[in-house]
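Chemist: File name run_24.cif; file contents mmCIF, N, CA and C atoms; full text below.
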data_final
loop_
_atom_site.label_atom_id
_atom_site.label_comp_id
_atom_site.auth_asym_id
_atom_site.auth_seq_id
_atom_site.Cartn_x
_atom_site.Cartn_y
_atom_site.Cartn_z
N MET V 63 -2.80 0.56 19.45
CA MET V 63 -1.49 0.53 18.81
C MET V 63 -0.42 0.31 19.87
N LEU V 64 0.53 -0.54 19.59
CA LEU V 64 1.60 -0.83 20.53
C LEU V 64 2.67 0.25 20.47
N THR V 65 3.17 0.63 21.64
CA THR V 65 4.27 1.59 21.71
C THR V 65 5.57 0.81 21.72
N PRO V 66 6.52 1.14 20.86
CA PRO V 66 7.81 0.42 20.88
C PRO V 66 8.48 0.51 22.24
N PHE V 67 9.23 -0.51 22.57
CA PHE V 67 9.92 -0.61 23.85
C PHE V 67 10.72 0.64 24.18
N PHE V 68 11.46 1.15 23.19
CA PHE V 68 12.35 2.27 23.47
C PHE V 68 11.60 3.60 23.63
N CYS V 69 10.29 3.64 23.34
CA CYS V 69 9.52 4.87 23.49
C CYS V 69 8.78 4.93 24.82
N ARG V 70 8.67 3.84 25.55
CA ARG V 70 7.97 3.82 26.82
C ARG V 70 8.83 4.42 27.92
N PRO V 71 8.19 5.13 28.87
CA PRO V 71 8.96 5.60 30.02
C PRO V 71 9.49 4.40 30.80
N LEU V 72 10.74 4.46 31.22
CA LEU V 72 11.36 3.35 31.92
C LEU V 72 11.79 3.78 33.31
N LYS V 73 11.69 2.87 34.24
CA LYS V 73 12.25 3.10 35.57
C LYS V 73 13.76 2.90 35.48
N VAL V 74 14.50 3.32 36.48
CA VAL V 74 15.97 3.23 36.45
C VAL V 74 16.43 1.81 36.21
N ALA V 75 15.86 0.84 36.91
CA ALA V 75 16.28 -0.56 36.73
C ALA V 75 16.02 -1.02 35.30
N GLY V 76 14.87 -0.65 34.76
CA GLY V 76 14.54 -1.04 33.39
C GLY V 76 15.46 -0.38 32.38
N LEU V 77 15.81 0.89 32.64
CA LEU V 77 16.72 1.60 31.75
C LEU V 77 18.09 0.93 31.72
N LEU V 78 18.61 0.57 32.89
CA LEU V 78 19.91 -0.11 32.94
C LEU V 78 19.86 -1.44 32.21
N LEU V 79 18.79 -2.19 32.40
CA LEU V 79 18.64 -3.47 31.70
C LEU V 79 18.58 -3.24 30.20
N GLY V 80 17.83 -2.22 29.76
CA GLY V 80 17.73 -1.93 28.34
C GLY V 80 19.06 -1.52 27.74
N LEU V 81 19.82 -0.68 28.45
CA LEU V 81 21.14 -0.28 27.94
C LEU V 81 22.08 -1.46 27.84
N THR V 82 22.02 -2.35 28.82
CA THR V 82 22.86 -3.55 28.77
C THR V 82 22.51 -4.39 27.54
N GLY V 83 21.23 -4.52 27.25
CA GLY V 83 20.80 -5.27 26.08
C GLY V 83 21.27 -4.64 24.79
N ILE V 84 21.19 -3.31 24.70
CA ILE V 84 21.64 -2.62 23.49
C ILE V 84 23.14 -2.81 23.30
N LEU V 85 23.93 -2.66 24.35
CA LEU V 85 25.38 -2.79 24.24
C LEU V 85 25.79 -4.19 23.84
N SER V 86 25.06 -5.19 24.27
CA SER V 86 25.44 -6.56 23.94
C SER V 86 24.90 -6.99 22.58
N CYS V 87 24.07 -6.17 21.95
CA CYS V 87 23.47 -6.53 20.67
C CYS V 87 24.23 -6.01 19.47
N GLY V 88 25.46 -5.56 19.62
CA GLY V 88 26.19 -5.18 18.43
C GLY V 88 26.98 -3.90 18.56
N TRP V 89 26.84 -3.15 19.62
CA TRP V 89 27.64 -1.94 19.77
C TRP V 89 29.01 -2.29 20.29
N ALA V 90 29.17 -3.48 20.81
CA ALA V 90 30.47 -3.91 21.30
C ALA V 90 31.33 -4.33 20.12
N GLY V 91 32.57 -4.60 20.37
CA GLY V 91 33.46 -5.05 19.31
C GLY V 91 34.59 -4.07 19.10
N ILE V 92 35.25 -4.22 17.98
CA ILE V 92 36.41 -3.40 17.63
C ILE V 92 36.07 -2.61 16.38
N LYS V 93 36.31 -1.30 16.42
CA LYS V 93 36.14 -0.47 15.23
C LYS V 93 37.51 0.07 14.86
N SER V 94 37.79 0.07 13.54
CA SER V 94 39.10 0.52 13.10
C SER V 94 39.03 1.17 11.74
N ASP V 95 39.80 2.25 11.57
CA ASP V 95 40.03 2.85 10.27
C ASP V 95 41.41 2.35 9.86
N LEU V 96 41.45 1.27 9.12
CA LEU V 96 42.68 0.54 8.83
C LEU V 96 43.35 1.03 7.55
N LEU V 97 44.65 1.28 7.64
CA LEU V 97 45.47 1.61 6.48
C LEU V 97 46.41 0.44 6.21
N ILE V 98 46.50 0.03 4.94
CA ILE V 98 47.40 -1.07 4.56
C ILE V 98 48.32 -0.53 3.46
N GLU V 99 49.60 -0.53 3.75
CA GLU V 99 50.59 -0.03 2.80
C GLU V 99 50.66 -0.94 1.58
N PRO V 100 51.14 -0.40 0.44
CA PRO V 100 51.26 -1.20 -0.78
C PRO V 100 52.09 -2.46 -0.55
N GLY V 101 51.61 -3.57 -1.11
CA GLY V 101 52.35 -4.82 -1.02
C GLY V 101 52.34 -5.47 0.36
N LYS V 102 51.49 -5.00 1.26
CA LYS V 102 51.41 -5.57 2.61
C LYS V 102 50.05 -6.23 2.79
N GLN V 103 49.97 -7.01 3.87
CA GLN V 103 48.70 -7.58 4.26
C GLN V 103 48.54 -7.42 5.77
N PHE V 104 47.30 -7.29 6.19
CA PHE V 104 46.97 -7.16 7.61
C PHE V 104 46.31 -8.45 8.03
N VAL V 105 46.77 -9.01 9.16
CA VAL V 105 46.24 -10.28 9.65
C VAL V 105 45.55 -10.03 10.98
N LEU V 106 44.30 -10.47 11.06
CA LEU V 106 43.47 -10.29 12.24
C LEU V 106 43.06 -11.66 12.76
N GLY V 107 43.41 -11.94 14.01
CA GLY V 107 43.01 -13.20 14.62
C GLY V 107 43.98 -14.33 14.36
N GLY V 108 43.51 -15.52 14.74
CA GLY V 108 44.31 -16.73 14.61
C GLY V 108 44.46 -17.40 15.95
N GLY V 109 43.85 -18.55 16.13
CA GLY V 109 43.97 -19.29 17.37
C GLY V 109 42.92 -18.97 18.42
N GLN V 110 42.04 -17.99 18.18
CA GLN V 110 41.01 -17.66 19.17
C GLN V 110 39.96 -18.78 19.22
N PRO V 111 39.37 -19.01 20.39
CA PRO V 111 38.44 -20.13 20.53
C PRO V 111 37.11 -19.95 19.81
N GLY V 112 36.71 -18.72 19.53
CA GLY V 112 35.41 -18.50 18.90
C GLY V 112 35.51 -17.87 17.54
N ALA V 113 34.37 -17.81 16.87
CA ALA V 113 34.27 -17.19 15.55
C ALA V 113 34.15 -15.68 15.70
N PHE V 114 34.40 -14.96 14.60
CA PHE V 114 34.19 -13.53 14.60
C PHE V 114 33.68 -13.09 13.25
N ARG V 115 33.18 -11.85 13.21
CA ARG V 115 32.60 -11.30 11.99
C ARG V 115 33.23 -9.94 11.73
N VAL V 116 33.49 -9.65 10.47
CA VAL V 116 34.07 -8.37 10.07
C VAL V 116 33.11 -7.67 9.12
N ALA V 117 32.59 -6.52 9.55
CA ALA V 117 31.81 -5.66 8.66
C ALA V 117 32.81 -4.64 8.12
N ALA V 118 33.02 -4.65 6.81
CA ALA V 118 34.07 -3.82 6.19
C ALA V 118 33.48 -2.91 5.13
N ARG V 119 34.06 -1.71 5.04
CA ARG V 119 33.74 -0.78 3.96
C ARG V 119 35.05 -0.22 3.42
N ASN V 120 35.24 -0.38 2.12
CA ASN V 120 36.45 0.13 1.47
C ASN V 120 36.27 1.62 1.21
N VAL V 121 36.98 2.44 1.99
CA VAL V 121 36.89 3.89 1.85
C VAL V 121 38.10 4.47 1.11
N GLY V 122 38.94 3.59 0.59
CA GLY V 122 40.14 4.01 -0.12
C GLY V 122 39.93 4.05 -1.62
N LYS V 123 41.05 4.12 -2.33
CA LYS V 123 41.02 4.25 -3.79
C LYS V 123 41.44 2.99 -4.52
N VAL V 124 41.78 1.91 -3.76
CA VAL V 124 42.22 0.66 -4.39
C VAL V 124 41.44 -0.51 -3.79
N ALA V 125 41.37 -1.60 -4.55
CA ALA V 125 40.68 -2.80 -4.09
C ALA V 125 41.45 -3.47 -2.94
N VAL V 126 40.70 -4.13 -2.05
CA VAL V 126 41.29 -4.87 -0.94
C VAL V 126 40.73 -6.29 -0.98
N GLU V 127 41.63 -7.28 -0.92
CA GLU V 127 41.23 -8.69 -0.93
C GLU V 127 41.09 -9.18 0.51
N PHE V 128 40.01 -9.91 0.77
CA PHE V 128 39.77 -10.51 2.08
C PHE V 128 39.86 -12.02 1.92
N LYS V 129 40.70 -12.64 2.74
CA LYS V 129 40.87 -14.09 2.71
C LYS V 129 40.72 -14.66 4.11
N GLU V 130 40.58 -15.97 4.19
CA GLU V 130 40.52 -16.65 5.48
C GLU V 130 41.62 -17.69 5.53
N ARG V 131 42.39 -17.64 6.62
CA ARG V 131 43.44 -18.62 6.87
C ARG V 131 42.98 -19.48 8.05
N PRO V 132 42.45 -20.70 7.78
CA PRO V 132 41.97 -21.56 8.86
C PRO V 132 43.09 -22.00 9.79
N ARG V 133 42.71 -22.37 10.99
CA ARG V 133 43.67 -22.83 12.01
C ARG V 133 44.51 -24.00 11.51
N ASN V 134 43.92 -24.89 10.72
CA ASN V 134 44.62 -26.11 10.28
C ASN V 134 45.42 -25.92 8.99
N GLY V 135 45.57 -24.69 8.53
CA GLY V 135 46.38 -24.45 7.34
C GLY V 135 45.56 -24.13 6.11
N GLY V 136 46.27 -23.72 5.09
CA GLY V 136 45.63 -23.33 3.83
C GLY V 136 45.13 -21.90 3.90
N ILE V 137 44.54 -21.47 2.81
CA ILE V 137 43.94 -20.13 2.74
C ILE V 137 42.95 -20.13 1.60
N PHE V 138 41.86 -19.37 1.74
CA PHE V 138 40.92 -19.25 0.64
C PHE V 138 40.33 -17.85 0.62
N GLY V 139 39.97 -17.43 -0.58
CA GLY V 139 39.41 -16.10 -0.78
C GLY V 139 37.98 -16.01 -0.31
N LYS V 140 37.64 -14.86 0.22
CA LYS V 140 36.27 -14.62 0.66
C LYS V 140 35.62 -13.54 -0.20
N ALA V 141 36.34 -12.43 -0.43
CA ALA V 141 35.77 -11.32 -1.20
C ALA V 141 36.88 -10.35 -1.59
N THR V 142 36.62 -9.57 -2.63
CA THR V 142 37.45 -8.43 -2.98
C THR V 142 36.53 -7.23 -2.98
N LEU V 143 36.87 -6.25 -2.12
CA LEU V 143 36.05 -5.04 -2.04
C LEU V 143 36.69 -3.95 -2.88
N GLN V 144 35.95 -3.50 -3.88
CA GLN V 144 36.36 -2.38 -4.69
C GLN V 144 36.09 -1.09 -3.91
N PRO V 145 36.70 0.03 -4.28
CA PRO V 145 36.43 1.28 -3.59
C PRO V 145 34.92 1.56 -3.49
N GLY V 146 34.48 1.90 -2.29
CA GLY V 146 33.07 2.19 -2.04
C GLY V 146 32.23 0.98 -1.67
N GLN V 147 32.73 -0.23 -1.86
CA GLN V 147 31.95 -1.42 -1.55
C GLN V 147 32.03 -1.80 -0.07
N SER V 148 30.98 -2.49 0.40
CA SER V 148 30.90 -2.98 1.77
C SER V 148 30.54 -4.46 1.76
N ALA V 149 30.92 -5.15 2.83
CA ALA V 149 30.56 -6.56 2.99
C ALA V 149 30.68 -6.93 4.46
N THR V 150 29.96 -7.95 4.84
CA THR V 150 30.11 -8.53 6.17
C THR V 150 30.58 -9.97 5.96
N LEU V 151 31.73 -10.28 6.55
CA LEU V 151 32.37 -11.58 6.34
C LEU V 151 32.49 -12.31 7.67
N ARG V 152 32.22 -13.59 7.66
CA ARG V 152 32.30 -14.41 8.88
C ARG V 152 33.54 -15.29 8.82
N TYR V 153 34.21 -15.39 9.97
CA TYR V 153 35.43 -16.19 10.08
C TYR V 153 35.25 -17.24 11.15
N MET V 154 35.71 -18.46 10.88
CA MET V 154 35.56 -19.60 11.79
C MET V 154 36.45 -19.44 13.03
N ALA V 155 36.09 -20.18 14.07
CA ALA V 155 36.92 -20.21 15.28
C ALA V 155 38.33 -20.62 14.90
N GLY V 156 39.31 -19.91 15.42
CA GLY V 156 40.71 -20.23 15.16
C GLY V 156 41.29 -19.67 13.87
N SER V 157 40.44 -19.15 13.00
CA SER V 157 40.90 -18.62 11.71
C SER V 157 41.45 -17.21 11.84
N SER V 158 42.21 -16.82 10.83
CA SER V 158 42.68 -15.44 10.69
C SER V 158 42.00 -14.82 9.49
N ALA V 159 41.66 -13.54 9.61
CA ALA V 159 41.23 -12.75 8.46
C ALA V 159 42.49 -12.12 7.89
N VAL V 160 42.71 -12.29 6.60
CA VAL V 160 43.89 -11.73 5.94
C VAL V 160 43.39 -10.72 4.91
N LEU V 161 43.78 -9.46 5.09
CA LEU V 161 43.38 -8.38 4.19
C LEU V 161 44.60 -7.97 3.39
N LEU V 162 44.54 -8.14 2.08
CA LEU V 162 45.68 -7.88 1.21
C LEU V 162 45.50 -6.62 0.39
N ASN V 163 46.61 -5.88 0.26
CA ASN V 163 46.66 -4.72 -0.63
C ASN V 163 47.69 -5.03 -1.71
N PRO V 164 47.25 -5.54 -2.87
CA PRO V 164 48.20 -5.88 -3.93
C PRO V 164 48.58 -4.69 -4.82
N SER V 165 48.05 -3.52 -4.51
CA SER V 165 48.27 -2.35 -5.38
C SER V 165 49.56 -1.62 -5.03
N ALA V 166 49.81 -0.54 -5.76
CA ALA V 166 50.97 0.32 -5.52
C ALA V 166 50.60 1.55 -4.69
N GLN V 167 49.33 1.61 -4.23
CA GLN V 167 48.86 2.73 -3.40
C GLN V 167 48.39 2.20 -2.04
N ARG V 168 48.33 3.09 -1.06
CA ARG V 168 47.85 2.71 0.26
C ARG V 168 46.35 2.42 0.21
N ALA V 169 45.92 1.35 0.88
CA ALA V 169 44.51 0.97 0.98
C ALA V 169 43.95 1.48 2.31
N ASN V 170 42.63 1.72 2.32
CA ASN V 170 41.97 2.22 3.52
C ASN V 170 40.61 1.56 3.64
N VAL V 171 40.39 0.83 4.73
CA VAL V 171 39.11 0.18 4.99
C VAL V 171 38.66 0.49 6.42
N ASN V 172 37.35 0.68 6.57
CA ASN V 172 36.76 0.81 7.89
C ASN V 172 36.25 -0.56 8.30
N LEU V 173 36.61 -0.99 9.50
CA LEU V 173 36.22 -2.32 9.99
C LEU V 173 35.43 -2.20 11.29
N HIS V 174 34.45 -3.08 11.44
CA HIS V 174 33.77 -3.28 12.72
C HIS V 174 33.78 -4.79 12.96
N VAL V 175 34.57 -5.21 13.95
CA VAL V 175 34.76 -6.63 14.23
C VAL V 175 33.95 -6.99 15.47
N THR V 176 33.12 -8.03 15.35
CA THR V 176 32.31 -8.50 16.47
C THR V 176 32.49 -10.01 16.62
N GLY V 177 32.00 -10.54 17.70
CA GLY V 177 32.14 -11.96 17.99
C GLY V 177 33.24 -12.15 19.02
N ASP V 178 34.07 -13.17 18.85
CA ASP V 178 35.15 -13.45 19.79
C ASP V 178 36.32 -12.50 19.51
N THR V 179 36.27 -11.32 20.12
CA THR V 179 37.31 -10.31 19.90
C THR V 179 38.28 -10.20 21.07
N ASN V 180 38.10 -10.99 22.12
CA ASN V 180 39.02 -10.96 23.25
C ASN V 180 40.38 -11.48 22.81
N ASN V 181 41.40 -10.70 23.05
CA ASN V 181 42.78 -11.08 22.72
C ASN V 181 42.97 -11.44 21.24
N LEU V 182 42.23 -10.78 20.37
CA LEU V 182 42.35 -11.02 18.93
C LEU V 182 43.66 -10.39 18.45
N SER V 183 44.55 -11.20 17.92
CA SER V 183 45.85 -10.66 17.48
C SER V 183 45.68 -9.85 16.20
N MET V 184 46.57 -8.88 16.02
CA MET V 184 46.56 -8.03 14.82
C MET V 184 48.00 -7.71 14.46
N ASN V 185 48.37 -7.93 13.19
CA ASN V 185 49.71 -7.57 12.74
C ASN V 185 49.76 -7.45 11.22
N TYR V 186 50.84 -6.84 10.76
CA TYR V 186 51.09 -6.69 9.32
C TYR V 186 52.14 -7.70 8.91
N GLU V 187 52.04 -8.15 7.64
CA GLU V 187 53.02 -9.08 7.06
C GLU V 187 53.29 -8.62 5.63
N PRO V 188 54.43 -9.02 5.07
CA PRO V 188 54.64 -8.82 3.63
C PRO V 188 53.56 -9.63 2.89
N SER V 189 53.08 -9.17 1.77
CA SER V 189 51.95 -9.81 1.10
C SER V 189 52.25 -11.21 0.57
N GLY V 190 53.48 -11.61 0.44
CA GLY V 190 53.78 -12.96 -0.04
C GLY V 190 53.65 -14.03 1.01
N LYS V 191 53.47 -13.67 2.28
CA LYS V 191 53.42 -14.66 3.36
C LYS V 191 52.00 -15.08 3.62
N LEU V 192 51.54 -16.08 2.92
CA LEU V 192 50.19 -16.60 3.12
C LEU V 192 50.30 -17.92 3.83
#
Could you spell out this file's structure in structure tokens?
Modeler:
Amino acid sequence: MLTPFFCRPLKVAGLLLGLTGILSCGWAGIKSDLLIEPGKQFVLGGGQPGAFRVAARNVGKVAVEFKERPRNGGIFGKATLQPGQSATLRYMAGSSAVLLNPSAQRANVNLHVTGDTNNLSMNYEPSGKL
């Protein structure tokens, strides 16, 4: 029977190599407990050279709309997460993720953003500015 890699005794050099591999396999990125006020939208990214991915879980009491604003203009819907729902959404290089709260209550989503997260811009806008 084969022993899994992580169960074998490792020398110091092997341990460091293994930890580096684990950190680069998905533990890196940005984690956020995001609050979006009523009638606002949160914009993540825009103009970055690479693509990114958002793993989101709606932990609030209202639905949150996820859209993509490509670098060359326009906007299109990706998903609407109802309370308790989760999704992983992919965004193209140069695109912005736009998270809208169209309700009259504060929205709350947990995000884990991976991919090209270096210098990823983040800001709030009034919800009518698409």
Chemist: I want to know what sits within 10 Å of range 157-161 of chain V, based on only C-alpha atoms, with residues of the same chain fewer than 5 positions away left out; could you give that as number ranges by chain?
Modeler: V: 98, 102-116, 126-135, 137-142, 151-152, 169, 171, 182-187, 189, 192
Chemist: Just the selected residues (N, CA and C atoms), exported as a short mmCIF file (atom, residue, chain, number, x, y, z; two decimals), keeping the file's coordinate frame, please.
Modeler:
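What ended up in result_38.cif:
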data_model
loop_
_atom_site.label_atom_id
_atom_site.label_comp_id
_atom_site.auth_asym_id
_atom_site.auth_seq_id
_atom_site.Cartn_x
_atom_site.Cartn_y
_atom_site.Cartn_z
N ILE V 98 46.50 0.03 4.94
CA ILE V 98 47.40 -1.07 4.56
C ILE V 98 48.32 -0.53 3.46
N LYS V 102 51.49 -5.00 1.26
CA LYS V 102 51.41 -5.57 2.61
C LYS V 102 50.05 -6.23 2.79
N GLN V 103 49.97 -7.01 3.87
CA GLN V 103 48.70 -7.58 4.26
C GLN V 103 48.54 -7.42 5.77
N PHE V 104 47.30 -7.29 6.19
CA PHE V 104 46.97 -7.16 7.61
C PHE V 104 46.31 -8.45 8.03
N VAL V 105 46.77 -9.01 9.16
CA VAL V 105 46.24 -10.28 9.65
C VAL V 105 45.55 -10.03 10.98
N LEU V 106 44.30 -10.47 11.06
CA LEU V 106 43.47 -10.29 12.24
C LEU V 106 43.06 -11.66 12.76
N GLY V 107 43.41 -11.94 14.01
CA GLY V 107 43.01 -13.20 14.62
C GLY V 107 43.98 -14.33 14.36
N GLY V 108 43.51 -15.52 14.74
CA GLY V 108 44.31 -16.73 14.61
C GLY V 108 44.46 -17.40 15.95
N GLY V 109 43.85 -18.55 16.13
CA GLY V 109 43.97 -19.29 17.37
C GLY V 109 42.92 -18.97 18.42
N GLN V 110 42.04 -17.99 18.18
CA GLN V 110 41.01 -17.66 19.17
C GLN V 110 39.96 -18.78 19.22
N PRO V 111 39.37 -19.01 20.39
CA PRO V 111 38.44 -20.13 20.53
C PRO V 111 37.11 -19.95 19.81
N GLY V 112 36.71 -18.72 19.53
CA GLY V 112 35.41 -18.50 18.90
C GLY V 112 35.51 -17.87 17.54
N ALA V 113 34.37 -17.81 16.87
CA ALA V 113 34.27 -17.19 15.55
C ALA V 113 34.15 -15.68 15.70
N PHE V 114 34.40 -14.96 14.60
CA PHE V 114 34.19 -13.53 14.60
C PHE V 114 33.68 -13.09 13.25
N ARG V 115 33.18 -11.85 13.21
CA ARG V 115 32.60 -11.30 11.99
C ARG V 115 33.23 -9.94 11.73
N VAL V 116 33.49 -9.65 10.47
CA VAL V 116 34.07 -8.37 10.07
C VAL V 116 33.11 -7.67 9.12
N VAL V 126 40.70 -4.13 -2.05
CA VAL V 126 41.29 -4.87 -0.94
C VAL V 126 40.73 -6.29 -0.98
N GLU V 127 41.63 -7.28 -0.92
CA GLU V 127 41.23 -8.69 -0.93
C GLU V 127 41.09 -9.18 0.51
N PHE V 128 40.01 -9.91 0.77
CA PHE V 128 39.77 -10.51 2.08
C PHE V 128 39.86 -12.02 1.92
N LYS V 129 40.70 -12.64 2.74
CA LYS V 129 40.87 -14.09 2.71
C LYS V 129 40.72 -14.66 4.11
N GLU V 130 40.58 -15.97 4.19
CA GLU V 130 40.52 -16.65 5.48
C GLU V 130 41.62 -17.69 5.53
N ARG V 131 42.39 -17.64 6.62
CA ARG V 131 43.44 -18.62 6.87
C ARG V 131 42.98 -19.48 8.05
N PRO V 132 42.45 -20.70 7.78
CA PRO V 132 41.97 -21.56 8.86
C PRO V 132 43.09 -22.00 9.79
N ARG V 133 42.71 -22.37 10.99
CA ARG V 133 43.67 -22.83 12.01
C ARG V 133 44.51 -24.00 11.51
N ASN V 134 43.92 -24.89 10.72
CA ASN V 134 44.62 -26.11 10.28
C ASN V 134 45.42 -25.92 8.99
N GLY V 135 45.57 -24.69 8.53
CA GLY V 135 46.38 -24.45 7.34
C GLY V 135 45.56 -24.13 6.11
N ILE V 137 44.54 -21.47 2.81
CA ILE V 137 43.94 -20.13 2.74
C ILE V 137 42.95 -20.13 1.60
N PHE V 138 41.86 -19.37 1.74
CA PHE V 138 40.92 -19.25 0.64
C PHE V 138 40.33 -17.85 0.62
N GLY V 139 39.97 -17.43 -0.58
CA GLY V 139 39.41 -16.10 -0.78
C GLY V 139 37.98 -16.01 -0.31
N LYS V 140 37.64 -14.86 0.22
CA LYS V 140 36.27 -14.62 0.66
C LYS V 140 35.62 -13.54 -0.20
N ALA V 141 36.34 -12.43 -0.43
CA ALA V 141 35.77 -11.32 -1.20
C ALA V 141 36.88 -10.35 -1.59
N THR V 142 36.62 -9.57 -2.63
CA THR V 142 37.45 -8.43 -2.98
C THR V 142 36.53 -7.23 -2.98
N LEU V 151 31.73 -10.28 6.55
CA LEU V 151 32.37 -11.58 6.34
C LEU V 151 32.49 -12.31 7.67
N ARG V 152 32.22 -13.59 7.66
CA ARG V 152 32.30 -14.41 8.88
C ARG V 152 33.54 -15.29 8.82
N ALA V 169 45.92 1.35 0.88
CA ALA V 169 44.51 0.97 0.98
C ALA V 169 43.95 1.48 2.31
N VAL V 171 40.39 0.83 4.73
CA VAL V 171 39.11 0.18 4.99
C VAL V 171 38.66 0.49 6.42
N LEU V 182 42.23 -10.78 20.37
CA LEU V 182 42.35 -11.02 18.93
C LEU V 182 43.66 -10.39 18.45
N SER V 183 44.55 -11.20 17.92
CA SER V 183 45.85 -10.66 17.48
C SER V 183 45.68 -9.85 16.20
N MET V 184 46.57 -8.88 16.02
CA MET V 184 46.56 -8.03 14.82
C MET V 184 48.00 -7.71 14.46
N ASN V 185 48.37 -7.93 13.19
CA ASN V 185 49.71 -7.57 12.74
C ASN V 185 49.76 -7.45 11.22
N TYR V 186 50.84 -6.84 10.76
CA TYR V 186 51.09 -6.69 9.32
C TYR V 186 52.14 -7.70 8.91
N GLU V 187 52.04 -8.15 7.64
CA GLU V 187 53.02 -9.08 7.06
C GLU V 187 53.29 -8.62 5.63
N SER V 189 53.08 -9.17 1.77
CA SER V 189 51.95 -9.81 1.10
C SER V 189 52.25 -11.21 0.57
N LEU V 192 51.54 -16.08 2.92
CA LEU V 192 50.19 -16.60 3.12
C LEU V 192 50.30 -17.92 3.83
#
Chemist: When you count all atoms listed in the file, which of these residues is closest to His174 in chain V: V:Pro188, V:Gly91, V:Gly122, V:Gly101?
Modeler: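 For His174 in chain V, the nearest of the candidates is V:Gly91.
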Chemist: Rank nothing, just name the residue among V:Ser165, V:Ser94, V:Asn170, V:Thr150 nearest to Val121 in chain V, using all atoms listed in the file.
Modeler: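 Among the listed residues, the smallest separation from Val121 in chain V belongs to V:Asn170.
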Chemist: Calculated over only C-alpha atoms, which of the candidates V:Ala166, V:Arg119, V:Leu143, V:Met154 has the smallest distance to Asp95 in chain V?
Modeler: V:Arg119
Chemist: Could you tell me which residues the PyMOL selection byres (((chain V and resi 118 and name CA) around 6) and name CA) grabs in this file, written as a list in words?
Modeler: Val116, Ala117, Arg119, Ser148, Ala149, Asn172 and Leu173 of chain V
Chemist: Just give me the gap between atom N of Gly136 in chain V and CA of Leu97 in chain V in Å, one decimal is fine.
Modeler: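 Taking atom N of Gly136 in chain V as the start and CA of Leu97 in chain V as the end point, the length is 25.4 Å.
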Chemist: If I take atom C of Pro164 in chain V and atom N of Pro100 in chain V, how far is one from the other in Å, to one decimal?
Modeler: 7.3 Å
Chemist: One number please: CA of Asn181 in chain V to CA of Arg168 in chain V, in Å, one decimal.
Modeler: 26.8 Å
Chemist: Please return, as an MDAnalysis selection string, all residues of range 78-179 of chain V that DSSP assigns to strand (DSSP E) on the basis of the backbone.
Modeler: chainID V and resid 92:98 102:107 114:120 126:131 138:143 148:153 158:162 169:177
Chemist: Which is closest to Gly146 in chain V among V:Val175, V:Leu162, V:Lys123, V:Gln167, if we use all atoms listed in the file?
Modeler: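 That would be V:Lys123, the residue with the smallest distance to Gly146 in chain V.
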